[in-house]
Amino acid sequence: MFIVTLKYLADLSEVDAALPEHVAWLDQQYADGVFIASGRQVPRVGGLILAISTTREDLDRRLALDPFGHLGLAEHTVIEFAPSRVADGLDQLLP
């Protein structure tokens, strides 16, 4: 499992202008079964993504396709972890 944090590098007006492209990219990652949650940080200084069922190399390849990244609007930081315990109903998150 991976936690990806996005840190905005540009004004929110620029981020918002690219949001439709970013959402289309997110939609593809969900359709591929890799992303399981995503959203904005509070306060809105970036975002967060939870990813499963992939390798670090594949995740890096996917992140390189994020419009926010290649437009210079955000940088990604990846943290890998192996959950050892989950709430009832979330067993698919266990390695």
# chains A, B, ... in the order shown; residues from 1 in each chain; ligands from 1
$ residues_around --residues "region 65-70 of chain A" --least-positions-apart "5" --cutoff "7 Å" --atoms "only C-alpha atoms" --output "number ranges by chain"
A: 21-22, 25, 75
$ write_last_selection --atoms "N, CA and C atoms" --output "PDB file, in the first residue's frame"
ATOM      1  N   GLU A  21      -8.407  17.925 -15.977  1.00  0.00           N
ATOM      2  CA  GLU A  21      -7.418  16.966 -16.481  1.00  0.00           C
ATOM      3  C   GLU A  21      -6.940  16.040 -15.363  1.00  0.00           C
ATOM      4  N   HIS A  22      -6.727  16.611 -14.178  1.00  0.00           N
ATOM      5  CA  HIS A  22      -6.289  15.814 -13.032  1.00  0.00           C
ATOM      6  C   HIS A  22      -7.362  14.796 -12.653  1.00  0.00           C
ATOM      7  N   TRP A  25      -7.388  11.923 -15.011  1.00  0.00           N
ATOM      8  CA  TRP A  25      -6.269  11.030 -14.681  1.00  0.00           C
ATOM      9  C   TRP A  25      -6.613  10.177 -13.463  1.00  0.00           C
ATOM     10  N   GLU A  75       4.025  18.586  -6.451  1.00  0.00           N
ATOM     11  CA  GLU A  75       5.031  17.533  -6.368  1.00  0.00           C
ATOM     12  C   GLU A  75       4.453  16.391  -5.550  1.00  0.00           C
TER      13      GLU A  75
END
$ residues_around --residues "region 78-89 of chain A" --least-positions-apart "6" --cutoff "8 Å" --atoms "only C-alpha atoms" --output "PyMOL selection string"
chain A and resi 1-5+95
$ write_last_selection --atoms "N, CA and C atoms" --output "PDB file, in the first residue's frame"
ATOM      1  N   MET A   1       0.842  -1.170   0.000  1.00  0.00           N
ATOM      2  CA  MET A   1       0.000   0.000   0.000  1.00  0.00           C
ATOM      3  C   MET A   1       0.886   1.231   0.000  1.00  0.00           C
ATOM      4  N   PHE A   2       0.393   2.281  -0.621  1.00  0.00           N
ATOM      5  CA  PHE A   2       1.139   3.527  -0.711  1.00  0.00           C
ATOM      6  C   PHE A   2       0.258   4.704  -0.318  1.00  0.00           C
ATOM      7  N   ILE A   3       0.866   5.648   0.365  1.00  0.00           N
ATOM      8  CA  ILE A   3       0.251   6.941   0.614  1.00  0.00           C
ATOM      9  C   ILE A   3       1.021   7.936  -0.239  1.00  0.00           C
ATOM     10  N   VAL A   4       0.310   8.664  -1.064  1.00  0.00           N
ATOM     11  CA  VAL A   4       0.932   9.676  -1.912  1.00  0.00           C
ATOM     12  C   VAL A   4       0.423  11.034  -1.451  1.00  0.00           C
ATOM     13  N   THR A   5       1.339  11.927  -1.116  1.00  0.00           N
ATOM     14  CA  THR A   5       0.938  13.287  -0.796  1.00  0.00           C
ATOM     15  C   THR A   5       1.315  14.183  -1.974  1.00  0.00           C
ATOM     16  N   PRO A  95      -1.684  -7.249   3.165  1.00  0.00           N
ATOM     17  CA  PRO A  95      -0.801  -7.887   2.151  1.00  0.00           C
ATOM     18  C   PRO A  95      -1.034  -9.387   2.069  1.00  0.00           C
TER      19      PRO A  95
END
$ select_by_dssp --residues "region 3-85 of chain A" --states "strand (DSSP E)" --output "ChimeraX atom specification"
/A:3-8,35-40,46-51,74-80
$ write_last_selection --atoms "N, CA and C atoms" --output "mmCIF file, in the first residue's frame"
data_model
loop_
_atom_site.group_PDB
_atom_site.id
_atom_site.type_symbol
_atom_site.label_atom_id
_atom_site.label_comp_id
_atom_site.auth_asym_id
_atom_site.auth_seq_id
_atom_site.Cartn_x
_atom_site.Cartn_y
_atom_site.Cartn_z
ATOM 1 N N ILE A 3 0.866 5.648 0.365
ATOM 2 C CA ILE A 3 0.251 6.941 0.614
ATOM 3 C C ILE A 3 1.021 7.936 -0.239
ATOM 4 N N VAL A 4 0.310 8.664 -1.064
ATOM 5 C CA VAL A 4 0.932 9.676 -1.912
ATOM 6 C C VAL A 4 0.423 11.034 -1.451
ATOM 7 N N THR A 5 1.339 11.927 -1.116
ATOM 8 C CA THR A 5 0.938 13.287 -0.796
ATOM 9 C C THR A 5 1.315 14.183 -1.974
ATOM 10 N N LEU A 6 0.450 15.123 -2.252
ATOM 11 C CA LEU A 6 0.706 16.130 -3.266
ATOM 12 C C LEU A 6 0.834 17.467 -2.553
ATOM 13 N N LYS A 7 1.864 18.200 -2.894
ATOM 14 C CA LYS A 7 2.073 19.541 -2.357
ATOM 15 C C LYS A 7 1.969 20.515 -3.521
ATOM 16 N N TYR A 8 1.011 21.448 -3.419
ATOM 17 C CA TYR A 8 0.844 22.418 -4.499
ATOM 18 C C TYR A 8 2.040 23.344 -4.568
ATOM 19 N N PHE A 35 -5.999 3.132 -7.317
ATOM 20 C CA PHE A 35 -6.325 4.123 -6.292
ATOM 21 C C PHE A 35 -7.598 3.699 -5.573
ATOM 22 N N ILE A 36 -7.583 3.844 -4.229
ATOM 23 C CA ILE A 36 -8.768 3.480 -3.454
ATOM 24 C C ILE A 36 -9.357 4.668 -2.702
ATOM 25 N N ALA A 37 -8.624 5.770 -2.610
ATOM 26 C CA ALA A 37 -9.132 6.990 -1.984
ATOM 27 C C ALA A 37 -8.244 8.153 -2.408
ATOM 28 N N SER A 38 -8.851 9.324 -2.501
ATOM 29 C CA SER A 38 -8.083 10.529 -2.810
ATOM 30 C C SER A 38 -8.890 11.736 -2.365
ATOM 31 N N GLY A 39 -8.199 12.838 -2.146
ATOM 32 C CA GLY A 39 -8.890 14.062 -1.769
ATOM 33 C C GLY A 39 -7.930 15.174 -1.424
ATOM 34 N N ARG A 40 -8.515 16.314 -1.100
ATOM 35 C CA ARG A 40 -7.750 17.508 -0.770
ATOM 36 C C ARG A 40 -7.307 17.481 0.679
ATOM 37 N N GLY A 46 -2.575 20.889 -0.811
ATOM 38 C CA GLY A 46 -2.218 19.731 -1.623
ATOM 39 C C GLY A 46 -3.293 18.678 -1.520
ATOM 40 N N GLY A 47 -2.901 17.444 -1.783
ATOM 41 C CA GLY A 47 -3.855 16.345 -1.754
ATOM 42 C C GLY A 47 -3.219 15.082 -1.207
ATOM 43 N N LEU A 48 -4.027 14.025 -1.168
ATOM 44 C CA LEU A 48 -3.576 12.737 -0.665
ATOM 45 C C LEU A 48 -4.233 11.638 -1.485
ATOM 46 N N ILE A 49 -3.478 10.598 -1.771
ATOM 47 C CA ILE A 49 -3.976 9.444 -2.528
ATOM 48 C C ILE A 49 -3.555 8.176 -1.795
ATOM 49 N N LEU A 50 -4.468 7.215 -1.693
ATOM 50 C CA LEU A 50 -4.137 5.875 -1.202
ATOM 51 C C LEU A 50 -4.146 4.933 -2.400
ATOM 52 N N ALA A 51 -3.063 4.178 -2.557
ATOM 53 C CA ALA A 51 -2.921 3.276 -3.695
ATOM 54 C C ALA A 51 -2.591 1.868 -3.212
ATOM 55 N N ALA A 74 2.234 20.639 -8.817
ATOM 56 C CA ALA A 74 2.335 19.896 -7.562
ATOM 57 C C ALA A 74 3.507 18.931 -7.630
ATOM 58 N N GLU A 75 4.025 18.586 -6.451
ATOM 59 C CA GLU A 75 5.031 17.533 -6.368
ATOM 60 C C GLU A 75 4.453 16.391 -5.550
ATOM 61 N N HIS A 76 4.860 15.178 -5.892
ATOM 62 C CA HIS A 76 4.371 13.974 -5.235
ATOM 63 C C HIS A 76 5.433 13.431 -4.285
ATOM 64 N N THR A 77 4.991 12.970 -3.130
ATOM 65 C CA THR A 77 5.837 12.240 -2.200
ATOM 66 C C THR A 77 5.140 10.908 -1.924
ATOM 67 N N VAL A 78 5.901 9.819 -1.980
ATOM 68 C CA VAL A 78 5.331 8.479 -1.826
ATOM 69 C C VAL A 78 5.869 7.838 -0.557
ATOM 70 N N ILE A 79 4.951 7.292 0.225
ATOM 71 C CA ILE A 79 5.292 6.513 1.424
ATOM 72 C C ILE A 79 4.694 5.125 1.239
ATOM 73 N N GLU A 80 5.534 4.109 1.325
ATOM 74 C CA GLU A 80 5.038 2.732 1.246
ATOM 75 C C GLU A 80 4.886 2.175 2.647
#
$ select_by_dssp --residues "chain A" --states "alpha helix (DSSP H)" --output "VMD selection string"
chain A and resid 12 to 17 19 to 31 56 to 63 67 to 70
